[in-house]
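Asks: Would you mind keeping the following structure in view while I ask a few things?
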Amino acid sequence: MKRILCLLILAPALAIAQPGEPKTPIETTELSKGIYRVFVNNAVAVVVSVGDNGVLLVDAGYERTANDLLNHIKTLSMDPIKYIINTHIHGDHTGGNLVLGLNAGAIIAHRNVKEYLSTEHGEGEKKTAAFPEYARPSITFTDRLSVDFNGETLELIHLPGGHTNSDIVVYFPESGVLAVGDLLFADYFPFIDVDNGGNPFKYLDNVQWITENFPDDATIVGGHGPVYNMEQYKQYYLTLNETIKVLKGHKKKGMTLEQMKKQKVLKKWESWGSWFISEDRWIETLFPFL
């Protein structure tokens with residue numbers, strides 16, 4: 001009897017921990033026929049194209065979520081991954097190369113991504129070893145590249161010096177889907193990787209360029225946060241620009257960095273600082289450039 005009781009107590013735990021169950025929350029939204037936005041771990045967006053030519057990914061997520069991502073992609077298509085496109089250097093967009101790149105036809109990115117991943121890299125004392133050759137981009141470019149895939153001619157465009165020195169956007173013209181990587185942290189302050197060529201003013205310039213050079217009915221998929229339409233993306237630009245104007249005004253009056261943070265001069269946008277980049281960190285990012 002004790003043995004039976006013990007098994008009954010353990011049964012719920014065993015049911016929860018069945019082998020093979022995904023450990024990563026993954027949410028999929030179909031944006032257009034054959035084009036999906038796969039949101040990994042409630043944090044990172046991957047765009048998936050499926051069709052007659054196979055599977056193409058825009059970004060690969062983290063290494064630690066890549067197996068679950070791969071299993072999820074197989075629910076959309078059992079065809080092999082032909083291309084992985086990395087929008088920039090960061091590990092939440094390139095780390096999955098280490099798993100997904102094993103059987104992918106090719107990885108495509110700006111040449112600075114290949115250079116970055118080919119050597120030890122990372123922030124501060126936290127370093128990552130150089131990626132093996134199969135997980136680095138094998139097709140690189142410096143300005144623009146066109147890729148014919150699944151009935152569309154994808155446009156890959158480098159926009160330098162905003163989030164990093166390696167940012168690209170990927171446009172699916174027939175579907176009207178535009179993947180902009182971390183040139184959109186939807187509803188949040190963005191991270192500007194100054195150590196790797198980022199500049200907050202150039203970031204705003206690049207966002208503005210996108211709003212002026214793509215159709216008003218485009219669907220905008222950023223690296224983080226919800227999907228935007230073009231009107232929301234234009235508002236994203238205006239909001240970030242307004243925060244810069246506020247900080248410029250306070251600095252012109254002689255206010256220091258610490259005073260701005262202490263007086264919470266960006267309190268109006270408190271919700272935008274609720275995730276990765278807080279109000280204080282956004283002020284710290286902007287202050288040297290004001």
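Chain identifiers are assigned as A, B, and so on, following the order in which chains appear in the structure tokens; residues are numbered from 1 within each chain, and ligands are numbered from 1 in order of appearance.
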Restrict the calculation to only C-alpha atoms, then for each residue of segment 78-144 of chain A with any atom at most 9 Å from an atom of segment 166-175 of chain A give the closest atom pair and their distance in Å to one decimal, rows by chain and rising residue number, as JSON lines.
Replies:
```
{"residue": "A:Ile85", "atom": "CA", "partner": "A:Val170", "partner_atom": "CA", "distance": 8.6}
{"residue": "A:Asn86", "atom": "CA", "partner": "A:Ile168", "partner_atom": "CA", "distance": 8.2}
{"residue": "A:Thr87", "atom": "CA", "partner": "A:Ile168", "partner_atom": "CA", "distance": 5.1}
{"residue": "A:His88", "atom": "CA", "partner": "A:Asp167", "partner_atom": "CA", "distance": 4.9}
{"residue": "A:Ile89", "atom": "CA", "partner": "A:Ser166", "partner_atom": "CA", "distance": 6.6}
{"residue": "A:Ala109", "atom": "CA", "partner": "A:Ile168", "partner_atom": "CA", "distance": 7.8}
{"residue": "A:His110", "atom": "CA", "partner": "A:Ser166", "partner_atom": "CA", "distance": 5.8}
{"residue": "A:Arg111", "atom": "CA", "partner": "A:Ser166", "partner_atom": "CA", "distance": 7.5}
{"residue": "A:Asn112", "atom": "CA", "partner": "A:Ser166", "partner_atom": "CA", "distance": 5.5}
{"residue": "A:Val113", "atom": "CA", "partner": "A:Ser166", "partner_atom": "CA", "distance": 6.1}
{"residue": "A:Asp143", "atom": "CA", "partner": "A:Ile168", "partner_atom": "CA", "distance": 9.0}
{"residue": "A:Arg144", "atom": "CA", "partner": "A:Ile168", "partner_atom": "CA", "distance": 8.9}
```
Asks: Restrict the selected residues to C-alpha atoms and save them as a CSV table (one decimal), in the first residue's frame.
Replies:
```
chain,number,residue,atom,x,y,z
A,85,ILE,CA,20.0,35.0,-41.9
A,86,ASN,CA,21.5,36.7,-38.9
A,87,THR,CA,20.4,40.3,-38.5
A,88,HIS,CA,23.4,41.2,-36.3
A,89,ILE,CA,26.1,39.8,-34.0
A,109,ALA,CA,24.9,38.0,-42.6
A,110,HIS,CA,26.8,41.2,-42.9
A,111,ARG,CA,30.6,40.5,-43.1
A,112,ASN,CA,31.0,42.1,-39.6
A,113,VAL,CA,29.0,39.2,-38.1
A,143,ASP,CA,25.8,46.9,-48.5
A,144,ARG,CA,22.9,44.9,-50.1
```
Asks: Residues near Ser278 of chain A, anyone? I mean within 12 Å using only C-alpha atoms, not counting same-chain ones fewer than 5 positions away, as a PDB file with N, CA, C and O atoms, in the first residue's frame.
Replies:
```pdb
ATOM      1  N   TYR A 188       9.650  49.198 -25.870  1.00  0.00           N
ATOM      2  CA  TYR A 188      10.734  49.301 -24.885  1.00  0.00           C
ATOM      3  C   TYR A 188      11.850  50.210 -25.394  1.00  0.00           C
ATOM      4  O   TYR A 188      12.008  50.410 -26.607  1.00  0.00           O
ATOM      5  N   PHE A 189      12.638  50.738 -24.442  1.00  0.00           N
ATOM      6  CA  PHE A 189      13.869  51.422 -24.821  1.00  0.00           C
ATOM      7  C   PHE A 189      14.823  50.405 -25.450  1.00  0.00           C
ATOM      8  O   PHE A 189      14.930  49.266 -24.964  1.00  0.00           O
ATOM      9  N   PRO A 190      15.529  50.781 -26.508  1.00  0.00           N
ATOM     10  CA  PRO A 190      16.439  49.828 -27.152  1.00  0.00           C
ATOM     11  C   PRO A 190      17.801  49.763 -26.470  1.00  0.00           C
ATOM     12  O   PRO A 190      18.217  50.703 -25.786  1.00  0.00           O
ATOM     13  N   PHE A 191      18.468  48.642 -26.674  1.00  0.00           N
ATOM     14  CA  PHE A 191      19.859  48.497 -26.270  1.00  0.00           C
ATOM     15  C   PHE A 191      20.734  48.983 -27.411  1.00  0.00           C
ATOM     16  O   PHE A 191      20.576  48.548 -28.555  1.00  0.00           O
ATOM     17  N   LYS A 261      18.772  61.097 -13.423  1.00  0.00           N
ATOM     18  CA  LYS A 261      18.270  59.812 -12.942  1.00  0.00           C
ATOM     19  C   LYS A 261      17.513  59.987 -11.631  1.00  0.00           C
ATOM     20  O   LYS A 261      16.430  59.407 -11.443  1.00  0.00           O
ATOM     21  N   LYS A 264      14.159  61.454 -12.103  1.00  0.00           N
ATOM     22  CA  LYS A 264      13.296  60.640 -12.973  1.00  0.00           C
ATOM     23  C   LYS A 264      12.685  61.460 -14.102  1.00  0.00           C
ATOM     24  O   LYS A 264      11.449  61.532 -14.273  1.00  0.00           O
ATOM     25  N   LEU A 266      12.509  60.896 -17.124  1.00  0.00           N
ATOM     26  CA  LEU A 266      11.820  60.101 -18.154  1.00  0.00           C
ATOM     27  C   LEU A 266      10.654  59.288 -17.568  1.00  0.00           C
ATOM     28  O   LEU A 266      10.235  58.293 -18.145  1.00  0.00           O
ATOM     29  N   LYS A 267      10.123  59.741 -16.449  1.00  0.00           N
ATOM     30  CA  LYS A 267       9.056  58.995 -15.780  1.00  0.00           C
ATOM     31  C   LYS A 267       7.840  58.805 -16.684  1.00  0.00           C
ATOM     32  O   LYS A 267       7.116  57.807 -16.581  1.00  0.00           O
ATOM     33  N   TRP A 269       7.764  57.818 -19.534  1.00  0.00           N
ATOM     34  CA  TRP A 269       7.947  56.604 -20.328  1.00  0.00           C
ATOM     35  C   TRP A 269       8.407  55.443 -19.434  1.00  0.00           C
ATOM     36  O   TRP A 269       9.149  54.573 -19.860  1.00  0.00           O
ATOM     37  N   GLU A 270       7.917  55.443 -18.208  1.00  0.00           N
ATOM     38  CA  GLU A 270       8.328  54.435 -17.229  1.00  0.00           C
ATOM     39  C   GLU A 270       8.104  53.006 -17.744  1.00  0.00           C
ATOM     40  O   GLU A 270       8.929  52.123 -17.537  1.00  0.00           O
ATOM     41  N   SER A 271       6.996  52.776 -18.428  1.00  0.00           N
ATOM     42  CA  SER A 271       6.706  51.417 -18.914  1.00  0.00           C
ATOM     43  C   SER A 271       7.737  50.964 -19.944  1.00  0.00           C
ATOM     44  O   SER A 271       8.006  49.762 -20.081  1.00  0.00           O
ATOM     45  N   TRP A 272       8.329  51.896 -20.660  1.00  0.00           N
ATOM     46  CA  TRP A 272       9.331  51.545 -21.672  1.00  0.00           C
ATOM     47  C   TRP A 272      10.624  51.054 -21.025  1.00  0.00           C
ATOM     48  O   TRP A 272      11.445  50.426 -21.680  1.00  0.00           O
ATOM     49  N   GLY A 273      10.803  51.347 -19.753  1.00  0.00           N
ATOM     50  CA  GLY A 273      11.995  50.900 -19.046  1.00  0.00           C
ATOM     51  C   GLY A 273      11.765  49.673 -18.197  1.00  0.00           C
ATOM     52  O   GLY A 273      12.567  49.348 -17.325  1.00  0.00           O
ATOM     53  N   ILE A 283      19.045  56.730 -20.062  1.00  0.00           N
ATOM     54  CA  ILE A 283      19.684  58.033 -19.815  1.00  0.00           C
ATOM     55  C   ILE A 283      21.203  57.895 -19.892  1.00  0.00           C
ATOM     56  O   ILE A 283      21.890  58.723 -20.511  1.00  0.00           O
ATOM     57  N   GLU A 284      21.745  56.845 -19.284  1.00  0.00           N
ATOM     58  CA  GLU A 284      23.194  56.615 -19.314  1.00  0.00           C
ATOM     59  C   GLU A 284      23.697  56.408 -20.739  1.00  0.00           C
ATOM     60  O   GLU A 284      24.800  56.840 -21.092  1.00  0.00           O
ATOM     61  N   THR A 285      22.889  55.745 -21.559  1.00  0.00           N
ATOM     62  CA  THR A 285      23.272  55.509 -22.949  1.00  0.00           C
ATOM     63  C   THR A 285      23.323  56.816 -23.729  1.00  0.00           C
ATOM     64  O   THR A 285      24.267  57.058 -24.490  1.00  0.00           O
TER      65      THR A 285
END
```
Asks: If you take only C-alpha atoms and a cut-off of 10 Å, which residues of segment 87-160 of chain A touch segment 205-216 of chain A, and what are their nearest atom pairs and distances in Å to one decimal, in chain and number order, as JSON lines?
Replies:
```
{"residue": "A:His158", "atom": "CA", "partner": "A:Asn206", "partner_atom": "CA", "distance": 10.0}
{"residue": "A:Leu159", "atom": "CA", "partner": "A:Asn206", "partner_atom": "CA", "distance": 6.4}
{"residue": "A:Pro160", "atom": "CA", "partner": "A:Asn206", "partner_atom": "CA", "distance": 8.1}
```
Asks: Please report, as JSON lines, each residue of segment 117-195 of chain A lying at most 12 Å from segment 36-57 of chain A, together with the nearest pair of atoms and the separation in Å rounded to one decimal; use only C-alpha atoms, and order rows by chain and ascending residue number.
Replies:
```
{"residue": "A:Val147", "atom": "CA", "partner": "A:Leu56", "partner_atom": "CA", "distance": 10.6}
{"residue": "A:Asp148", "atom": "CA", "partner": "A:Asn53", "partner_atom": "CA", "distance": 9.4}
{"residue": "A:Phe149", "atom": "CA", "partner": "A:Asn53", "partner_atom": "CA", "distance": 6.2}
{"residue": "A:Asn150", "atom": "CA", "partner": "A:Gly51", "partner_atom": "CA", "distance": 5.2}
{"residue": "A:Gly151", "atom": "CA", "partner": "A:Gly51", "partner_atom": "CA", "distance": 8.2}
{"residue": "A:Glu152", "atom": "CA", "partner": "A:Ser49", "partner_atom": "CA", "distance": 10.3}
{"residue": "A:Leu154", "atom": "CA", "partner": "A:Leu56", "partner_atom": "CA", "distance": 10.9}
{"residue": "A:Val169", "atom": "CA", "partner": "A:Val47", "partner_atom": "CA", "distance": 11.8}
{"residue": "A:Val170", "atom": "CA", "partner": "A:Val47", "partner_atom": "CA", "distance": 9.8}
{"residue": "A:Tyr171", "atom": "CA", "partner": "A:Val47", "partner_atom": "CA", "distance": 11.0}
{"residue": "A:Phe172", "atom": "CA", "partner": "A:Ser49", "partner_atom": "CA", "distance": 9.5}
{"residue": "A:Ser175", "atom": "CA", "partner": "A:Ser49", "partner_atom": "CA", "distance": 10.3}
{"residue": "A:Val177", "atom": "CA", "partner": "A:Val47", "partner_atom": "CA", "distance": 9.4}
{"residue": "A:Leu178", "atom": "CA", "partner": "A:Val47", "partner_atom": "CA", "distance": 9.6}
{"residue": "A:Ala179", "atom": "CA", "partner": "A:Val47", "partner_atom": "CA", "distance": 7.3}
{"residue": "A:Val180", "atom": "CA", "partner": "A:Ala45", "partner_atom": "CA", "distance": 10.4}
{"residue": "A:Gly181", "atom": "CA", "partner": "A:Ala45", "partner_atom": "CA", "distance": 8.3}
{"residue": "A:Asp182", "atom": "CA", "partner": "A:Val44", "partner_atom": "CA", "distance": 9.8}
{"residue": "A:Leu184", "atom": "CA", "partner": "A:Ala45", "partner_atom": "CA", "distance": 10.9}
{"residue": "A:Phe185", "atom": "CA", "partner": "A:Val44", "partner_atom": "CA", "distance": 10.1}
{"residue": "A:Ala186", "atom": "CA", "partner": "A:Ala43", "partner_atom": "CA", "distance": 11.0}
```
Asks: Got a sec: who's within 8 Å of Phe131 of chain A, counting only C-alpha atoms, leaving out chain neighbours fewer than 5 positions off, as a PyMOL selection string?
Replies: chain A and resi 98+117-119+136
Asks: Go through segment 107-205 of chain A and collect every residue that DSSP, computed from the backbone, puts in helix (DSSP H, G or I); the answer should be as a tab-separated table (two decimals) with N, CA, C and O atoms, in the first residue's frame.
Replies:
```tsv
chain	number	residue	atom	x	y	z
A	111	ARG	N	29.21	41.09	-43.25
A	111	ARG	CA	30.57	40.55	-43.05
A	111	ARG	C	31.07	40.77	-41.63
A	111	ARG	O	31.91	39.99	-41.14
A	112	ASN	N	30.59	41.82	-40.94
A	112	ASN	CA	31.03	42.05	-39.57
A	112	ASN	C	30.55	40.97	-38.61
A	112	ASN	O	31.16	40.75	-37.56
A	113	VAL	N	29.44	40.31	-38.95
A	113	VAL	CA	28.97	39.20	-38.12
A	113	VAL	C	29.97	38.04	-38.21
A	113	VAL	O	30.34	37.45	-37.19
A	114	LYS	N	30.39	37.73	-39.41
A	114	LYS	CA	31.37	36.65	-39.58
A	114	LYS	C	32.66	36.97	-38.84
A	114	LYS	O	33.24	36.10	-38.15
A	115	GLU	N	33.12	38.19	-38.95
A	115	GLU	CA	34.35	38.60	-38.27
A	115	GLU	C	34.20	38.46	-36.75
A	115	GLU	O	35.10	37.96	-36.07
A	116	TYR	N	33.07	38.88	-36.23
A	116	TYR	CA	32.81	38.83	-34.79
A	116	TYR	C	32.76	37.39	-34.28
A	116	TYR	O	33.38	37.05	-33.27
A	117	LEU	N	32.04	36.53	-35.00
A	117	LEU	CA	31.86	35.15	-34.56
A	117	LEU	C	33.11	34.30	-34.79
A	117	LEU	O	33.21	33.19	-34.23
A	133	GLU	N	33.39	26.77	-37.82
A	133	GLU	CA	33.13	27.30	-39.16
A	133	GLU	C	31.70	27.09	-39.61
A	133	GLU	O	31.09	27.96	-40.25
A	134	TYR	N	31.10	25.95	-39.30
A	134	TYR	CA	29.74	25.67	-39.77
A	134	TYR	C	28.71	26.63	-39.19
A	134	TYR	O	27.62	26.81	-39.76
A	135	ALA	N	29.03	27.26	-38.03
A	135	ALA	CA	28.09	28.15	-37.36
A	135	ALA	C	28.34	29.63	-37.69
A	135	ALA	O	27.64	30.50	-37.17
A	194	VAL	N	27.26	50.25	-27.89
A	194	VAL	CA	28.27	51.25	-28.23
A	194	VAL	C	29.64	50.60	-28.44
A	194	VAL	O	30.42	51.01	-29.31
A	195	ASP	N	29.94	49.55	-27.68
A	195	ASP	CA	31.24	48.88	-27.80
A	195	ASP	C	31.40	48.18	-29.14
A	195	ASP	O	32.53	47.87	-29.55
A	196	ASN	N	30.29	47.92	-29.82
A	196	ASN	CA	30.36	47.25	-31.12
A	196	ASN	C	29.74	48.11	-32.23
A	196	ASN	O	29.05	47.62	-33.11
A	200	PRO	N	23.18	55.90	-30.48
A	200	PRO	CA	21.74	56.13	-30.36
A	200	PRO	C	21.17	57.08	-31.40
A	200	PRO	O	20.03	56.90	-31.85
A	201	PHE	N	21.95	58.07	-31.82
A	201	PHE	CA	21.46	59.00	-32.83
A	201	PHE	C	21.41	58.34	-34.20
A	201	PHE	O	20.48	58.55	-34.98
A	202	LYS	N	22.40	57.50	-34.49
A	202	LYS	CA	22.39	56.76	-35.74
A	202	LYS	C	21.25	55.74	-35.72
A	202	LYS	O	20.63	55.46	-36.75
A	203	TYR	N	20.98	55.18	-34.56
A	203	TYR	CA	19.85	54.26	-34.41
A	203	TYR	C	18.56	54.95	-34.85
A	203	TYR	O	17.78	54.39	-35.64
A	204	LEU	N	18.34	56.16	-34.34
A	204	LEU	CA	17.14	56.90	-34.73
A	204	LEU	C	17.14	57.23	-36.21
A	204	LEU	O	16.09	57.16	-36.87
A	205	ASP	N	18.31	57.59	-36.76
A	205	ASP	CA	18.39	57.86	-38.20
A	205	ASP	C	17.99	56.63	-39.01
A	205	ASP	O	17.29	56.74	-40.02
```
Asks: Name all residues at most 7 Å from His93 of chain A (count only C-alpha atoms; drop same-chain ones fewer than 5 positions away) and give them as a list in words.
Replies: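 With the cut-off at 7 Å, the set is Asp59, Ala60, Gly61, Tyr62 and Asn86 of chain A.
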Asks: Please save N, CA and C atoms of the selected residues as a PDB file, in the first residue's frame.
Replies:
```pdb
ATOM      1  N   ASP A  59      17.237  35.048 -38.184  1.00  0.00           N
ATOM      2  CA  ASP A  59      17.745  34.892 -36.824  1.00  0.00           C
ATOM      3  C   ASP A  59      17.500  33.484 -36.285  1.00  0.00           C
ATOM      4  N   ALA A  60      18.280  33.142 -35.255  1.00  0.00           N
ATOM      5  CA  ALA A  60      18.317  31.755 -34.788  1.00  0.00           C
ATOM      6  C   ALA A  60      18.111  31.615 -33.291  1.00  0.00           C
ATOM      7  N   GLY A  61      17.870  32.735 -32.587  1.00  0.00           N
ATOM      8  CA  GLY A  61      17.677  32.653 -31.148  1.00  0.00           C
ATOM      9  C   GLY A  61      18.951  32.250 -30.421  1.00  0.00           C
ATOM     10  N   TYR A  62      18.804  31.922 -29.144  1.00  0.00           N
ATOM     11  CA  TYR A  62      19.929  31.485 -28.317  1.00  0.00           C
ATOM     12  C   TYR A  62      20.311  30.044 -28.645  1.00  0.00           C
ATOM     13  N   ASN A  86      21.310  36.034 -40.185  1.00  0.00           N
ATOM     14  CA  ASN A  86      21.526  36.718 -38.906  1.00  0.00           C
ATOM     15  C   ASN A  86      21.420  38.219 -39.117  1.00  0.00           C
TER      16      ASN A  86
END
```
Asks: Going by DSSP on the backbone, which bits of segment 149-253 of chain A are strand (DSSP E)? Write them as an NGL selection string, please.
Replies: :A and (149 or 152-158 or 168-172 or 177-185 or 219-224 or 228-229)
Asks: Give me, please, the distance in Å between atom CA of Thr140 of chain A and atom CA of Gly105 of chain A, quoted to one decimal.
Replies: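 Separation of atom CA of Thr140 of chain A and atom CA of Gly105 of chain A: 14.1 Å.
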Asks: From the options A:Val265, A:Leu100, A:Ala218, A:Ile107, which residue's atoms come nearest to Glu242 of chain A, counting only C-alpha atoms?
Replies: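 Counting only C-alpha atoms, the residue closest to Glu242 of chain A is A:Val265.
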Asks: Between A:Pro137, A:Asn103, A:Phe289, A:Glu63, which residue has the minimum interatomic distance to Ile192 of chain A, considering only C-alpha atoms?
Replies: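 Ranking A:Pro137, A:Asn103, A:Phe289, A:Glu63 by distance to Ile192 of chain A, first place goes to A:Phe289.
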Asks: Would you compute the distance between atom CA of Met260 of chain A and atom CA of Glu279 of chain A? Give it in Å to one decimal.
Replies: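 Going from atom CA of Met260 of chain A over to atom CA of Glu279 of chain A, I get 10.1 Å.
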Asks: May I ask which of the residues A:Gly254, A:Gly198, A:Gly176, A:Gly249 is the closest one to Met230 of chain A, counting only C-alpha atoms?
Replies: A:Gly176
Asks: Excluding Thr65 of chain A and any residue of its chain fewer than 4 positions from it, enumerate the residues within 10 Å of it, using only C-alpha atoms, and give them as a PDB file with N, CA, C and O atoms, in the first residue's frame.
Replies:
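New file around10.pdb:
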```
ATOM      1  N   PRO A  22       8.946  20.175 -24.759  1.00  0.00           N
ATOM      2  CA  PRO A  22       9.728  21.401 -24.930  1.00  0.00           C
ATOM      3  C   PRO A  22       9.890  22.146 -23.617  1.00  0.00           C
ATOM      4  O   PRO A  22       8.956  22.247 -22.832  1.00  0.00           O
ATOM      5  N   LYS A  23      11.082  22.656 -23.389  1.00  0.00           N
ATOM      6  CA  LYS A  23      11.356  23.417 -22.173  1.00  0.00           C
ATOM      7  C   LYS A  23      11.179  24.912 -22.419  1.00  0.00           C
ATOM      8  O   LYS A  23      11.184  25.701 -21.499  1.00  0.00           O
ATOM      9  N   THR A  24      11.059  25.305 -23.686  1.00  0.00           N
ATOM     10  CA  THR A  24      11.036  26.705 -24.052  1.00  0.00           C
ATOM     11  C   THR A  24       9.646  27.121 -24.524  1.00  0.00           C
ATOM     12  O   THR A  24       9.103  26.502 -25.442  1.00  0.00           O
ATOM     13  N   PRO A  25       9.043  28.167 -23.924  1.00  0.00           N
ATOM     14  CA  PRO A  25       7.776  28.676 -24.468  1.00  0.00           C
ATOM     15  C   PRO A  25       8.008  29.228 -25.882  1.00  0.00           C
ATOM     16  O   PRO A  25       8.933  30.019 -26.105  1.00  0.00           O
ATOM     17  N   ILE A  26       7.191  28.796 -26.821  1.00  0.00           N
ATOM     18  CA  ILE A  26       7.316  29.250 -28.211  1.00  0.00           C
ATOM     19  C   ILE A  26       5.915  29.555 -28.732  1.00  0.00           C
ATOM     20  O   ILE A  26       5.010  28.732 -28.640  1.00  0.00           O
ATOM     21  N   VAL A  40      10.314  33.186 -29.286  1.00  0.00           N
ATOM     22  CA  VAL A  40      11.006  32.168 -28.498  1.00  0.00           C
ATOM     23  C   VAL A  40      11.248  32.655 -27.075  1.00  0.00           C
ATOM     24  O   VAL A  40      11.829  33.723 -26.864  1.00  0.00           O
ATOM     25  N   ASN A  41      10.778  31.875 -26.118  1.00  0.00           N
ATOM     26  CA  ASN A  41      11.021  32.141 -24.698  1.00  0.00           C
ATOM     27  C   ASN A  41      10.491  33.506 -24.259  1.00  0.00           C
ATOM     28  O   ASN A  41      11.055  34.147 -23.376  1.00  0.00           O
ATOM     29  N   ALA A  60      18.280  33.142 -35.255  1.00  0.00           N
ATOM     30  CA  ALA A  60      18.317  31.755 -34.788  1.00  0.00           C
ATOM     31  C   ALA A  60      18.111  31.615 -33.291  1.00  0.00           C
ATOM     32  O   ALA A  60      18.184  30.505 -32.773  1.00  0.00           O
ATOM     33  N   GLY A  61      17.870  32.735 -32.587  1.00  0.00           N
ATOM     34  CA  GLY A  61      17.677  32.653 -31.148  1.00  0.00           C
ATOM     35  C   GLY A  61      18.951  32.250 -30.421  1.00  0.00           C
ATOM     36  O   GLY A  61      20.047  32.225 -30.989  1.00  0.00           O
ATOM     37  N   LEU A  69      13.469  25.173 -30.647  1.00  0.00           N
ATOM     38  CA  LEU A  69      13.079  25.938 -31.830  1.00  0.00           C
ATOM     39  C   LEU A  69      13.049  25.037 -33.063  1.00  0.00           C
ATOM     40  O   LEU A  69      12.103  25.078 -33.860  1.00  0.00           O
ATOM     41  N   LEU A  70      14.075  24.205 -33.213  1.00  0.00           N
ATOM     42  CA  LEU A  70      14.137  23.304 -34.360  1.00  0.00           C
ATOM     43  C   LEU A  70      12.944  22.355 -34.380  1.00  0.00           C
ATOM     44  O   LEU A  70      12.316  22.140 -35.423  1.00  0.00           O
ATOM     45  N   ASP A  92      21.666  36.291 -28.813  1.00  0.00           N
ATOM     46  CA  ASP A  92      20.258  35.897 -28.835  1.00  0.00           C
ATOM     47  C   ASP A  92      19.721  35.808 -30.261  1.00  0.00           C
ATOM     48  O   ASP A  92      18.573  35.405 -30.477  1.00  0.00           O
ATOM     49  N   GLY A  95      23.314  32.701 -31.546  1.00  0.00           N
ATOM     50  CA  GLY A  95      23.674  31.520 -30.756  1.00  0.00           C
ATOM     51  C   GLY A  95      23.091  30.237 -31.310  1.00  0.00           C
ATOM     52  O   GLY A  95      23.724  29.176 -31.283  1.00  0.00           O
ATOM     53  N   GLY A  96      21.875  30.318 -31.850  1.00  0.00           N
ATOM     54  CA  GLY A  96      21.240  29.148 -32.421  1.00  0.00           C
ATOM     55  C   GLY A  96      21.958  28.582 -33.633  1.00  0.00           C
ATOM     56  O   GLY A  96      21.714  27.436 -34.031  1.00  0.00           O
ATOM     57  N   VAL A  99      23.511  25.126 -33.278  1.00  0.00           N
ATOM     58  CA  VAL A  99      22.674  23.927 -33.394  1.00  0.00           C
ATOM     59  C   VAL A  99      22.039  23.851 -34.780  1.00  0.00           C
ATOM     60  O   VAL A  99      22.192  22.867 -35.501  1.00  0.00           O
TER      61      VAL A  99
END
```
Asks: For the atom pair atom CA of Lys126 of chain A and atom CA of His90 of chain A, what is the interatomic distance in Å to one decimal place?
Replies: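 Value for the atom CA of Lys126 of chain A-atom CA of His90 of chain A distance: 13.2 Å.
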Asks: So that I can check the surroundings of Gly122 of chain A, please list as a PyMOL selection string every protein, DNA and RNA residue that reaches within 9 Å of it, counting only C-alpha atoms and ignoring chain neighbours fewer than 5 positions away.
Replies: chain A and resi 90-91+127-129
